[in-house]
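Worksheet: one structure, shown below.
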4 protein chains.
Amino acid sequence: MTDRVSNENRSSSLRSPQSERYAELRRRTGELSAPLPVEDQVIQSMPDASPTKWHLAHTTWFFETFVLEPFADGYTRFHDQFSHLFNSYYRGAGAFFERGRRGVIGRPTVSEVLDYRKHVDHAMARHFDDRSRREEWGPIVEIGLHHEQQHQELLLTDIKHLLSCNPLHPAYRTDCATTNWSGGDVEAPEPGWLRICGDVYEIGAEGSQFSFDNERPRHAVLLDDFQIACHPVSCGQFLEFIDDGGYDTPRWWLSEGWETRVLQDWQAPMYWQRRGDRWETMTLGGLRPVDPRQPVCHISYFEADAYARWAGARLPTEAEWEVASRQCRVRGNFAESERFHPMAIDGEAETQRPQRFFGDVWEWTSSAYAPYPGFEPWDDTLGEYNGKFMCNQYVLRGGSCATPQSHIRHSYRNFFPAHARWQFSGLRLARQSTTS
Amino acid sequence: MTDRVSNENRSSSLRSPQSERYAELRRRTGELSAPLPVEDQVIQSMPDASPTKWHLAHTTWFFETFVLEPFADGYTRFHDQFSHLFNSYYRGAGAFFERGRRGVIGRPTVSEVLDYRKHVDHAMARHFDDRSRREEWGPIVEIGLHHEQQHQELLLTDIKHLLSCNPLHPAYRTDCATTNWSGGDVEAPEPGWLRICGDVYEIGAEGSQFSFDNERPRHAVLLDDFQIACHPVSCGQFLEFIDDGGYDTPRWWLSEGWETRVLQDWQAPMYWQRRGDRWETMTLGGLRPVDPRQPVCHISYFEADAYARWAGARLPTEAEWEVASRQCRVRGNFAESERFHPMAIDGEAETQRPQRFFGDVWEWTSSAYAPYPGFEPWDDTLGEYNGKFMCNQYVLRGGSCATPQSHIRHSYRNFFPAHARWQFSGLRLARQSTTS
Amino acid sequence: MTDRVSNENRSSSLRSPQSERYAELRRRTGELSAPLPVEDQVIQSMPDASPTKWHLAHTTWFFETFVLEPFADGYTRFHDQFSHLFNSYYRGAGAFFERGRRGVIGRPTVSEVLDYRKHVDHAMARHFDDRSRREEWGPIVEIGLHHEQQHQELLLTDIKHLLSCNPLHPAYRTDCATTNWSGGDVEAPEPGWLRICGDVYEIGAEGSQFSFDNERPRHAVLLDDFQIACHPVSCGQFLEFIDDGGYDTPRWWLSEGWETRVLQDWQAPMYWQRRGDRWETMTLGGLRPVDPRQPVCHISYFEADAYARWAGARLPTEAEWEVASRQCRVRGNFAESERFHPMAIDGEAETQRPQRFFGDVWEWTSSAYAPYPGFEPWDDTLGEYNGKFMCNQYVLRGGSCATPQSHIRHSYRNFFPAHARWQFSGLRLARQSTTS
Amino acid sequence: MTDRVSNENRSSSLRSPQSERYAELRRRTGELSAPLPVEDQVIQSMPDASPTKWHLAHTTWFFETFVLEPFADGYTRFHDQFSHLFNSYYRGAGAFFERGRRGVIGRPTVSEVLDYRKHVDHAMARHFDDRSRREEWGPIVEIGLHHEQQHQELLLTDIKHLLSCNPLHPAYRTDCATTNWSGGDVEAPEPGWLRICGDVYEIGAEGSQFSFDNERPRHAVLLDDFQIACHPVSCGQFLEFIDDGGYDTPRWWLSEGWETRVLQDWQAPMYWQRRGDRWETMTLGGLRPVDPRQPVCHISYFEADAYARWAGARLPTEAEWEVASRQCRVRGNFAESERFHPMAIDGEAETQRPQRFFGDVWEWTSSAYAPYPGFEPWDDTLGEYNGKFMCNQYVLRGGSCATPQSHIRHSYRNFFPAHARWQFSGLRLARQSTTS
């Protein structure tokens, strides 16, 4: 009963006026950047990552470009050149500044970017009072809000990468990513398995609730019997793979995965470093010991796939994952906890119940990112949001400790190239059912 | 009637003793290399391609390593170092010479490699008389024969690439790739569409006939209603895309596709070059005018996908393709015709009947290359044959004018990265059925 | 008379106590960085350039490492890791942080680096009172001061590069690099020529005044008769080369120069951009019209050499330059003027008197950077200061508008690779004397 | 007396009719390529090297382009496209085929190239009878003959590199590069030193004898007293540097040299490989033990410079080398010996007399390759022969065991970039004279 009520509360909160959600989400982005000195907000530590300042500006550019410019009469742009500087990749919205060069732009300063945010937020606040053509711009604002949440997560993962490059091991916030692990030995118990019967299921988003275009249309899929682990693979489990020479044994690896491992000299998940006979890992709270009870993260598709093969299992397909995940509600260790690191799964009993489909770590699936049958991209320029990336990427599901909880759905599809490791990405094992 | 008879002959030839098929296929490889001067057999024109000499040696190495060494008592290796020089990528079979350096090896000479072939063929001939453990080595020989056929095709496509690098435009054989096209205007008629009803179908190989491991297990797939074009997209159709600025319009392209197009400055299919107001293309017969009635080939997945989007259609999935292809038998313009180029589809009536699923051009599907549910790689080292490449590749179906006909099945899966263009790769359109 | 007096003043200021000069120079570095927002002080815009923050820290590291650590009893390092983070390239001083990654280090913050400077300056101030072993550390402090001045110049040229990457064209200080040029036509008069008679001359530093090790020993050189232009090549002169197709004519260029030009698509000096029918250039004061009367700068050795060949002349050797420069005292448009851009040479008469050997622009010579006969590098780790770069670099002479005046001597040798353009580098023509 | 006579004979042979020398030299090129199978003649093993076939064709192209086309009435080109295919870098002679792609050209075949040579040799033979404008084309033929000799040497060094890439270690000719070294310990005696007094000397070519443009004009240079070793550094001496950790000690190395060493993982001279506790080296005769008495070769400028610094000495300048070399005549272990490898210096007495300035190994000097004062390049397109490479290269002197003896003069200047190692390049030490 309680759940039902709280669920209704949540739903009603979801149904709170868009303007309120706008204000709250935009404020939240500011809060996330607040602990960072200006210096950290400017730097681009690798081509895949973006400076904090850029995230702050680009999300603002989104509302300016797709809502205010076309729909708010008399709106004046904050700066002529920002449409060029802070466009990410929408070719329909004009030329854009080279992605890998986002870190050479000292100006606008952080303070000017915060002014830009205020300028746009102010204009949006006024615009929310305007009812005309709301059916047109309302849905775009909705997209903008989910877009803002995506960049809240990227802001955190990009900053984590940046801080990890610094030999001083600075923390984002020293009060996060803490662990109560004493450092003693921990056995990694075999997780329980959830059995799902083969059948025709439906997956994908339906109804009028918000979803991205790539989650639709809802459609039928045919699944065989399969089993899926009760929880994501833990650091303790993954250490057995490392200790068994997993990183030195080509037979577990995809060919391209092995080449990548050799070229980039991977010996362990990203951010891990050995100190004496134990492992430490860079977290948003600074260097921490690797807690064997926590879900492993910052691994590539290649490592997830190699681990699964070594373990005599496989990755689930995204359809299998989605169907299995319905055993759980969308709750968990999300960004709202401000823990910003996966949480330990403690006690053997704990490992036997289905859990953690949501939060903690994104889970790699074996599914190449592809359009659902009958996929229709959004109209016009926003059609570039998802569809054009459906190539050489793999689907991840469930959100992580850096994802806002309200951003995630059972049908939510995230995607990254197989070599990407800087997201909070882990895995959950699946396997064929040996008996029906 | 004649066809029926010849078909029976062929079938019986398929059922001919393995030793006979071995002898015939091995001789055929030699025939394919015969028109080439020694100079052309040595060169590696790009890292993806291999010298003819290497193909001749590597296919021989396969039989030596996987059949003679383990099963033929008293077999003596032709040369100690060849197991290193001519291993392609089997880590289970020891170290291998760097792929991109295959063209810096002048020795062994072509003549020595031909001696190596004779040495192994002689040993194989004797070995076929030996019945012991035949149930073990017989299937490996079968794989070796299909492996030989794959390299027969690669030998041709690699040589085509090599010759295309030469400003002298040399031909492989001047009597192939001819066309009777007069150069006049040709309308590209809209092809007819074949309608397939949605249902649960089975795809994949079954029974005891040879197939690669990646074609199994046969399994059920759920298909919606769909339509598929009666024949592959022609050069005439593709020219309309070019003339409509298709190569300059990012909206048709996947993001990675557009980046590749810009970086490599693609303006048309590979090997095409404009001369005045018409297009010519490099063929194995030398420079030829682009015949608008021929299926377009040497396009990447990116170009196939962009064309389909421009045309208001899409690529078929491999399951759709396989189900639809059952309308045709495995006949067509294969390597046996020695035409070595796609053949014109002539006359409007001709465009309205389902055809050309087999031969002419490999057809890109929208399916990422992935294991079938329950996939089991072959045992031991041969398990590296297919499975470890199941990442960032797309499935092509149906064989081409460079593929031996007996190599192809309805369930046959070929695969290449999305940017690859040097195979005879084209496409066939599909679309959702608007009405059942 | 006035000159003589002021000269004595300057000399006496040069003889002012080292501690005073230390204080003044260190303060000056701070002044140069002051106009920059924190954002601009953090970024590395290319591998050859360094962040302002890094310059501030590295120059401080120099005094800490080479003076305080070995000579100041009881000195406590500011931070353990700074010796690693802010070592540039002295292998004798331990490992150093990768040069091209200086821009991914957000921490220490600018404010912490300024604290670091205060810490070291405070310790140095106390140390200056300590007379013991002064004969050892006094010369090292002297080197440190000249080192500080070199980084003052690099700070400016690196910032110029950084600002030029920004499409907003921000200025370092809007009150510098101004010009009174009206935009009308200006004829570029042929400069007068200074004739020097062939003889044995001595070049290089002598006496007890400070010089770098690479300026010694003073030694005899044999020169032929030669002529050298009265002033550096002007933008107006250089525009004639551009307008004559100089950038499209391989015959003027060294082979490697031409390859570089093609690869990097050079069409004009660095920072120039055409707007309509005129040229603008990025300066430290923002975008400015190209003033034809100013010495051309931001050209590579390759462009200097090509221009000279086109002009029927050549570059001077460094010996020729040094001998000729003795016609002038070390005065001119240096960093002290805070103009930070070359100054116009106005009026035809003006072009006929020898001038501008010092300040305005560094002048490329045809001399490869090499040790003087009998060269002895400084002792120990400081021996790495100059000698190990004597390869594939060319000597520039005379200092620029970004160089502190007191840093320059007739014998001063600067050096950069032939493709470098981001320094204020120009050229002066020389030619053989046709008659003795 | 004998010497004098033979010298006169040689001179008279030098004065033999040009047509005879043409025929002999051209035949010699053919002889050098004869031991190679066609396979080895086609391959380009690295961008700096060229296929044998290309050398055969390019030297022929030289005579066709610069002699026959402009001067031989009625001459018919062998093939229209060869002027494009076999132009090396003369922009004045039209477009040229990309240097790094010389190895992807299977056609023309080796046999067709030999026909091309015959065609041009036949036309040249006829042309030699034509006296008209001989004063114009005679000197060009002379250049062509020296050009041919340069490519004879490159043919050998390029083939050596190619064969070294092959794990089979094939030999060019098994009867060359032999050694009588027993494998026992050899002490490397300190070589004697030749003392030269400081003075004004003249260097460079003079008179009417052939020289390249870069050897002129003869001009005065001022030298200090110096000493120069009696012979080149031996493998035994160089092994002491290796054994002393020379390859692991940055202080001996130029900065760019050290970076190159690390990047390319140099541990010893090129072609050396350790087998157990001894060193072997690839030679044109196949793998051979490193004979400690032979001059070390296949080292870069960086290694030569590092060795010299370690040894407490330095490299000579090219002027010092030329002046010192006048102690010897141009005799030695040149290509004519068909030894194709440096020859042992045997016996301690032997090390005390000045020798081996010529033949055996090219000797790196410390002189950057630059124009002599008053340098005038040849006219027109041939002006590109030398001058445009005067940048980022170092001068080598004396010729090697792969150089034709008649090609070398005291004033001869060879040049390569500091990292180049595939030539037979060694060094000779110099040092300042401590007492006059």
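Each chain in the structure tokens gets a letter, A, B, ..., in the order shown, and its residues are numbered from 1; ligands are numbered from 1 in order too.
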
If we count only C-alpha atoms, what is near C:Thr157 at a cut-off of 8 Å, once residues fewer than 5 positions away on the same chain are taken out, given as a ChimeraX atom specification? /C:402,422-424

Write out the residues from the selection above, keeping N, CA, C and O atoms, as a PDB file, in the first residue's frame.
ATOM      1  N   ALA C 402      57.984  40.755 -27.481  1.00  0.00           N
ATOM      2  CA  ALA C 402      57.524  40.030 -26.293  1.00  0.00           C
ATOM      3  C   ALA C 402      58.689  39.658 -25.373  1.00  0.00           C
ATOM      4  O   ALA C 402      58.493  39.022 -24.348  1.00  0.00           O
ATOM      5  N   TRP C 422      54.755  30.158 -33.918  1.00  0.00           N
ATOM      6  CA  TRP C 422      53.978  30.888 -32.923  1.00  0.00           C
ATOM      7  C   TRP C 422      54.785  31.904 -32.126  1.00  0.00           C
ATOM      8  O   TRP C 422      54.232  32.657 -31.343  1.00  0.00           O
ATOM      9  N   GLN C 423      56.115  31.956 -32.371  1.00  0.00           N
ATOM     10  CA  GLN C 423      56.896  33.047 -31.808  1.00  0.00           C
ATOM     11  C   GLN C 423      56.787  34.281 -32.710  1.00  0.00           C
ATOM     12  O   GLN C 423      56.380  34.189 -33.851  1.00  0.00           O
ATOM     13  N   PHE C 424      57.173  35.428 -32.189  1.00  0.00           N
ATOM     14  CA  PHE C 424      57.211  36.633 -33.028  1.00  0.00           C
ATOM     15  C   PHE C 424      58.458  36.555 -33.910  1.00  0.00           C
ATOM     16  O   PHE C 424      59.463  37.212 -33.647  1.00  0.00           O
TER      17      PHE C 424
END

Chain C contacts on chain A, only C-alpha atoms, 6 Å, as a PyMOL selection string: chain A and resi 39-40+45+104-106+166

Selection: 12 Å around stretch 26-34 of chain D, only C-alpha atoms, excl. self and same-chain fewer than 4 positions, as an MDAnalysis selection string: chainID D and resid 18:22 38:42 51:60 63 110:111 113:115 117:118 120:122 124:125 144:159 172:173 335:336 338 340 402 404

For D:Ala304, find every residue with an atom within 9 Å (counting only C-alpha atoms), except residues of its own chain fewer than 2 positions away, and show them as an mmCIF file with N, CA, C and O atoms, in the first residue's frame.
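To be explicit, this is the file written out as out.cif:
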data_model
loop_
_atom_site.group_PDB
_atom_site.id
_atom_site.type_symbol
_atom_site.label_atom_id
_atom_site.label_comp_id
_atom_site.auth_asym_id
_atom_site.auth_seq_id
_atom_site.Cartn_x
_atom_site.Cartn_y
_atom_site.Cartn_z
ATOM 1 N N ILE D 299 74.249 3.165 -37.940
ATOM 2 C CA ILE D 299 73.846 3.965 -36.786
ATOM 3 C C ILE D 299 73.379 5.335 -37.272
ATOM 4 O O ILE D 299 73.798 5.826 -38.324
ATOM 5 N N SER D 300 72.492 5.913 -36.508
ATOM 6 C CA SER D 300 71.955 7.238 -36.814
ATOM 7 C C SER D 300 72.934 8.313 -36.348
ATOM 8 O O SER D 300 73.870 8.041 -35.584
ATOM 9 N N TYR D 301 72.682 9.523 -36.779
ATOM 10 C CA TYR D 301 73.430 10.662 -36.244
ATOM 11 C C TYR D 301 73.304 10.695 -34.729
ATOM 12 O O TYR D 301 74.257 10.987 -34.013
ATOM 13 N N PHE D 302 72.101 10.394 -34.242
ATOM 14 C CA PHE D 302 71.867 10.463 -32.800
ATOM 15 C C PHE D 302 72.774 9.496 -32.037
ATOM 16 O O PHE D 302 73.318 9.827 -30.987
ATOM 17 N N ALA D 306 75.834 10.466 -29.597
ATOM 18 C CA ALA D 306 75.797 9.984 -28.209
ATOM 19 C C ALA D 306 77.063 9.206 -27.887
ATOM 20 O O ALA D 306 77.663 9.365 -26.813
ATOM 21 N N TYR D 307 77.487 8.375 -28.844
ATOM 22 C CA TYR D 307 78.717 7.620 -28.622
ATOM 23 C C TYR D 307 79.892 8.568 -28.391
ATOM 24 O O TYR D 307 80.697 8.388 -27.482
ATOM 25 N N ALA D 308 79.977 9.579 -29.246
ATOM 26 C CA ALA D 308 81.104 10.510 -29.153
ATOM 27 C C ALA D 308 81.105 11.216 -27.798
ATOM 28 O O ALA D 308 82.162 11.359 -27.164
ATOM 29 N N ARG D 309 79.933 11.615 -27.329
ATOM 30 C CA ARG D 309 79.869 12.303 -26.038
ATOM 31 C C ARG D 309 80.297 11.346 -24.921
ATOM 32 O O ARG D 309 81.052 11.722 -24.029
ATOM 33 N N ARG D 314 83.971 14.186 -29.783
ATOM 34 C CA ARG D 314 82.859 14.781 -30.542
ATOM 35 C C ARG D 314 82.969 14.324 -31.987
ATOM 36 O O ARG D 314 83.969 13.698 -32.383
ATOM 37 N N LEU D 315 81.964 14.646 -32.786
ATOM 38 C CA LEU D 315 82.061 14.401 -34.221
ATOM 39 C C LEU D 315 82.873 15.517 -34.851
ATOM 40 O O LEU D 315 82.835 16.657 -34.386
ATOM 41 N N TRP D 364 79.392 10.183 -40.230
ATOM 42 C CA TRP D 364 78.582 11.341 -39.836
ATOM 43 C C TRP D 364 79.490 12.487 -39.400
ATOM 44 O O TRP D 364 80.447 12.274 -38.642
ATOM 45 N N GLY D 426 78.582 5.221 -40.244
ATOM 46 C CA GLY D 426 79.318 5.062 -38.994
ATOM 47 C C GLY D 426 79.855 6.408 -38.550
ATOM 48 O O GLY D 426 79.274 7.448 -38.850
ATOM 49 N N LEU D 427 80.958 6.382 -37.831
ATOM 50 C CA LEU D 427 81.524 7.656 -37.385
ATOM 51 C C LEU D 427 83.007 7.521 -37.107
ATOM 52 O O LEU D 427 83.527 6.424 -36.914
ATOM 53 N N ARG D 428 83.638 8.677 -37.054
ATOM 54 C CA ARG D 428 85.046 8.814 -36.670
ATOM 55 C C ARG D 428 85.082 9.927 -35.630
ATOM 56 O O ARG D 428 84.402 10.947 -35.788
#

So which residues of stretch 270-389 of chain B fall under alpha helix (DSSP H) by DSSP, listed as a ChimeraX atom specification? /B:301-310,318-325

Go ahead and dump the residues you just picked, all heavy atoms, as a compact mmCIF listing (two decimals), in the first residue's frame.
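The resulting file, result-v9.txt, is reproduced below:
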# COMPACT_ATOMS: atom_id res chain seq x y z
N TYR B 301 28.69 -0.11 -45.93
CA TYR B 301 27.42 -0.12 -45.19
C TYR B 301 26.89 1.30 -45.05
O TYR B 301 25.68 1.54 -45.18
CB TYR B 301 27.66 -0.73 -43.81
CG TYR B 301 26.44 -0.73 -42.92
CD1 TYR B 301 25.47 -1.73 -43.03
CD2 TYR B 301 26.25 0.26 -41.96
CE1 TYR B 301 24.35 -1.74 -42.21
CE2 TYR B 301 25.13 0.26 -41.14
CZ TYR B 301 24.18 -0.74 -41.27
OH TYR B 301 23.07 -0.74 -40.47
N PHE B 302 27.79 2.24 -44.82
CA PHE B 302 27.35 3.62 -44.62
C PHE B 302 26.63 4.17 -45.85
O PHE B 302 25.62 4.86 -45.75
CB PHE B 302 28.56 4.51 -44.31
CG PHE B 302 29.22 4.19 -42.99
CD1 PHE B 302 30.61 3.99 -42.92
CD2 PHE B 302 28.48 4.08 -41.82
CE1 PHE B 302 31.22 3.70 -41.70
CE2 PHE B 302 29.09 3.80 -40.60
CZ PHE B 302 30.46 3.60 -40.54
N GLU B 303 27.17 3.85 -47.03
CA GLU B 303 26.54 4.33 -48.26
C GLU B 303 25.23 3.59 -48.52
O GLU B 303 24.25 4.19 -48.97
CB GLU B 303 27.50 4.14 -49.44
CG GLU B 303 28.67 5.11 -49.43
CD GLU B 303 29.87 4.61 -50.20
OE1 GLU B 303 30.46 3.58 -49.78
OE2 GLU B 303 30.21 5.22 -51.23
N ALA B 304 25.22 2.29 -48.25
CA ALA B 304 23.99 1.52 -48.43
C ALA B 304 22.88 2.07 -47.54
O ALA B 304 21.76 2.29 -47.97
CB ALA B 304 24.26 0.04 -48.12
N ASP B 305 23.24 2.32 -46.30
CA ASP B 305 22.27 2.83 -45.33
C ASP B 305 21.79 4.23 -45.72
O ASP B 305 20.60 4.55 -45.63
CB ASP B 305 22.94 2.84 -43.96
CG ASP B 305 22.09 3.49 -42.90
OD1 ASP B 305 21.18 2.81 -42.39
OD2 ASP B 305 22.32 4.68 -42.59
N ALA B 306 22.72 5.08 -46.17
CA ALA B 306 22.34 6.44 -46.55
C ALA B 306 21.43 6.41 -47.78
O ALA B 306 20.43 7.13 -47.86
CB ALA B 306 23.60 7.28 -46.84
N TYR B 307 21.79 5.56 -48.74
CA TYR B 307 20.96 5.46 -49.92
C TYR B 307 19.54 5.04 -49.54
O TYR B 307 18.55 5.61 -50.01
CB TYR B 307 21.55 4.45 -50.92
CG TYR B 307 20.61 4.25 -52.09
CD1 TYR B 307 20.64 5.11 -53.18
CD2 TYR B 307 19.65 3.23 -52.08
CE1 TYR B 307 19.75 4.97 -54.22
CE2 TYR B 307 18.76 3.08 -53.11
CZ TYR B 307 18.80 3.95 -54.19
OH TYR B 307 17.90 3.81 -55.21
N ALA B 308 19.45 4.03 -48.68
CA ALA B 308 18.13 3.51 -48.31
C ALA B 308 17.30 4.61 -47.63
O ALA B 308 16.11 4.77 -47.90
CB ALA B 308 18.28 2.31 -47.38
N ARG B 309 17.93 5.37 -46.75
CA ARG B 309 17.20 6.44 -46.07
C ARG B 309 16.72 7.48 -47.07
O ARG B 309 15.59 7.94 -47.02
CB ARG B 309 18.09 7.06 -44.98
CG ARG B 309 17.31 7.92 -44.00
CD ARG B 309 18.14 8.30 -42.78
NE ARG B 309 18.40 7.14 -41.95
CZ ARG B 309 19.59 6.60 -41.75
NH1 ARG B 309 20.65 7.15 -42.29
NH2 ARG B 309 19.72 5.53 -41.02
N TRP B 310 17.60 7.83 -48.00
CA TRP B 310 17.25 8.80 -49.03
C TRP B 310 16.07 8.29 -49.86
O TRP B 310 15.18 9.04 -50.24
CB TRP B 310 18.48 9.04 -49.92
CG TRP B 310 18.21 9.83 -51.17
CD1 TRP B 310 18.15 11.19 -51.30
CD2 TRP B 310 17.96 9.30 -52.48
NE1 TRP B 310 17.88 11.54 -52.60
CE2 TRP B 310 17.76 10.39 -53.35
CE3 TRP B 310 17.89 7.99 -53.00
CZ2 TRP B 310 17.50 10.23 -54.71
CZ3 TRP B 310 17.64 7.83 -54.36
CH2 TRP B 310 17.43 8.94 -55.19
N GLU B 318 18.96 -9.44 -41.51
CA GLU B 318 19.42 -10.67 -42.15
C GLU B 318 18.34 -11.75 -42.10
O GLU B 318 18.25 -12.58 -43.01
CB GLU B 318 20.75 -11.17 -41.59
CG GLU B 318 20.75 -11.58 -40.14
CD GLU B 318 22.05 -12.35 -39.76
OE1 GLU B 318 22.57 -13.11 -40.57
OE2 GLU B 318 22.52 -12.14 -38.63
N ALA B 319 17.49 -11.70 -41.06
CA ALA B 319 16.41 -12.69 -40.99
C ALA B 319 15.39 -12.45 -42.11
O ALA B 319 14.93 -13.39 -42.78
CB ALA B 319 15.73 -12.63 -39.62
N GLU B 320 15.04 -11.19 -42.32
CA GLU B 320 14.14 -10.88 -43.43
C GLU B 320 14.74 -11.34 -44.75
O GLU B 320 14.05 -11.93 -45.60
CB GLU B 320 13.88 -9.36 -43.47
CG GLU B 320 13.00 -8.87 -42.34
CD GLU B 320 12.91 -7.34 -42.27
OE1 GLU B 320 13.80 -6.67 -42.83
OE2 GLU B 320 11.97 -6.83 -41.63
N TRP B 321 16.00 -11.04 -44.92
CA TRP B 321 16.65 -11.40 -46.18
C TRP B 321 16.60 -12.91 -46.40
O TRP B 321 16.26 -13.39 -47.48
CB TRP B 321 18.10 -10.90 -46.16
CG TRP B 321 18.77 -11.00 -47.51
CD1 TRP B 321 18.90 -10.02 -48.43
CD2 TRP B 321 19.34 -12.18 -48.09
NE1 TRP B 321 19.53 -10.49 -49.55
CE2 TRP B 321 19.82 -11.82 -49.37
CE3 TRP B 321 19.51 -13.50 -47.66
CZ2 TRP B 321 20.45 -12.73 -50.22
CZ3 TRP B 321 20.13 -14.40 -48.51
CH2 TRP B 321 20.60 -14.02 -49.77
N GLU B 322 16.94 -13.66 -45.33
CA GLU B 322 17.02 -15.11 -45.49
C GLU B 322 15.65 -15.70 -45.82
O GLU B 322 15.54 -16.57 -46.69
CB GLU B 322 17.60 -15.75 -44.22
CG GLU B 322 17.78 -17.26 -44.35
CD GLU B 322 18.63 -17.86 -43.23
OE1 GLU B 322 19.50 -17.13 -42.67
OE2 GLU B 322 18.43 -19.05 -42.91
N VAL B 323 14.63 -15.21 -45.13
CA VAL B 323 13.27 -15.71 -45.39
C VAL B 323 12.85 -15.37 -46.82
O VAL B 323 12.35 -16.22 -47.57
CB VAL B 323 12.29 -15.14 -44.35
CG1 VAL B 323 10.85 -15.41 -44.75
CG2 VAL B 323 12.60 -15.72 -42.96
N ALA B 324 13.10 -14.12 -47.22
CA ALA B 324 12.69 -13.71 -48.58
C ALA B 324 13.47 -14.47 -49.65
O ALA B 324 12.93 -14.81 -50.71
CB ALA B 324 12.89 -12.20 -48.74
N SER B 325 14.74 -14.74 -49.37
CA SER B 325 15.59 -15.35 -50.39
C SER B 325 15.14 -16.76 -50.74
O SER B 325 15.59 -17.32 -51.75
CB SER B 325 17.05 -15.37 -49.90
OG SER B 325 17.24 -16.41 -48.94

Residues within 9 Å of C:Tyr247, please, as a PDB file with C-alpha atoms, in the first residue's frame. Count only C-alpha atoms; anything in the same chain fewer than 2 positions from it doesn't count.
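Done, and the output landed in around13.pdb:
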ATOM      1  CA  PHE C 241      55.391  37.546 -52.214  1.00  0.00           C
ATOM      2  CA  ILE C 242      51.881  36.363 -51.384  1.00  0.00           C
ATOM      3  CA  ASP C 243      50.365  38.264 -54.280  1.00  0.00           C
ATOM      4  CA  ASP C 244      52.970  36.824 -56.621  1.00  0.00           C
ATOM      5  CA  GLY C 245      51.767  33.332 -55.726  1.00  0.00           C
ATOM      6  CA  THR C 249      55.170  27.986 -56.131  1.00  0.00           C
ATOM      7  CA  PRO C 250      57.277  25.023 -54.978  1.00  0.00           C
ATOM      8  CA  TRP C 252      60.934  28.929 -53.781  1.00  0.00           C
ATOM      9  CA  TRP C 253      60.612  26.377 -51.028  1.00  0.00           C
ATOM     10  CA  TRP C 258      56.779  22.706 -49.183  1.00  0.00           C
ATOM     11  CA  ARG C 261      52.984  24.135 -46.293  1.00  0.00           C
ATOM     12  CA  TRP C 266      49.597  27.676 -45.110  1.00  0.00           C
ATOM     13  CA  GLN C 267      48.438  30.606 -47.251  1.00  0.00           C
ATOM     14  CA  ALA C 268      49.942  33.479 -45.274  1.00  0.00           C
ATOM     15  CA  GLU C 303      58.603  30.874 -45.158  1.00  0.00           C
ATOM     16  CA  ALA C 306      61.272  30.934 -49.384  1.00  0.00           C
TER      17      ALA C 306
END

Using DSSP assignments from the backbone, pull out every residue in stretch 130-371 of chain D that falls under strand (DSSP E or B) and give it to me as a PyMOL selection string. chain D and resi 193-196+199-203+219-223+226-229+234+272-275+278-283+286-289+295+314+362-368

Env of A:Phe226: 10 Å cut, atoms = only C-alpha atoms, seq-sep filter 3 positions within chain, self excluded. Answer as a ChimeraX atom specification. /A:193-198,223,316,320,324,430-436

Which residues are near B:Cys176? Cut-off 10 Å, only C-alpha atoms, ignore same chain within fewer than 2 positions. Put them as a list in words.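 So the residues in contact are Ala171, Tyr172, Arg173, Thr174, Thr178, Thr179, Thr283, Leu284, Gly285, Gly286, Ser337, Glu338, Arg339, Phe340 and His341 of chain B.
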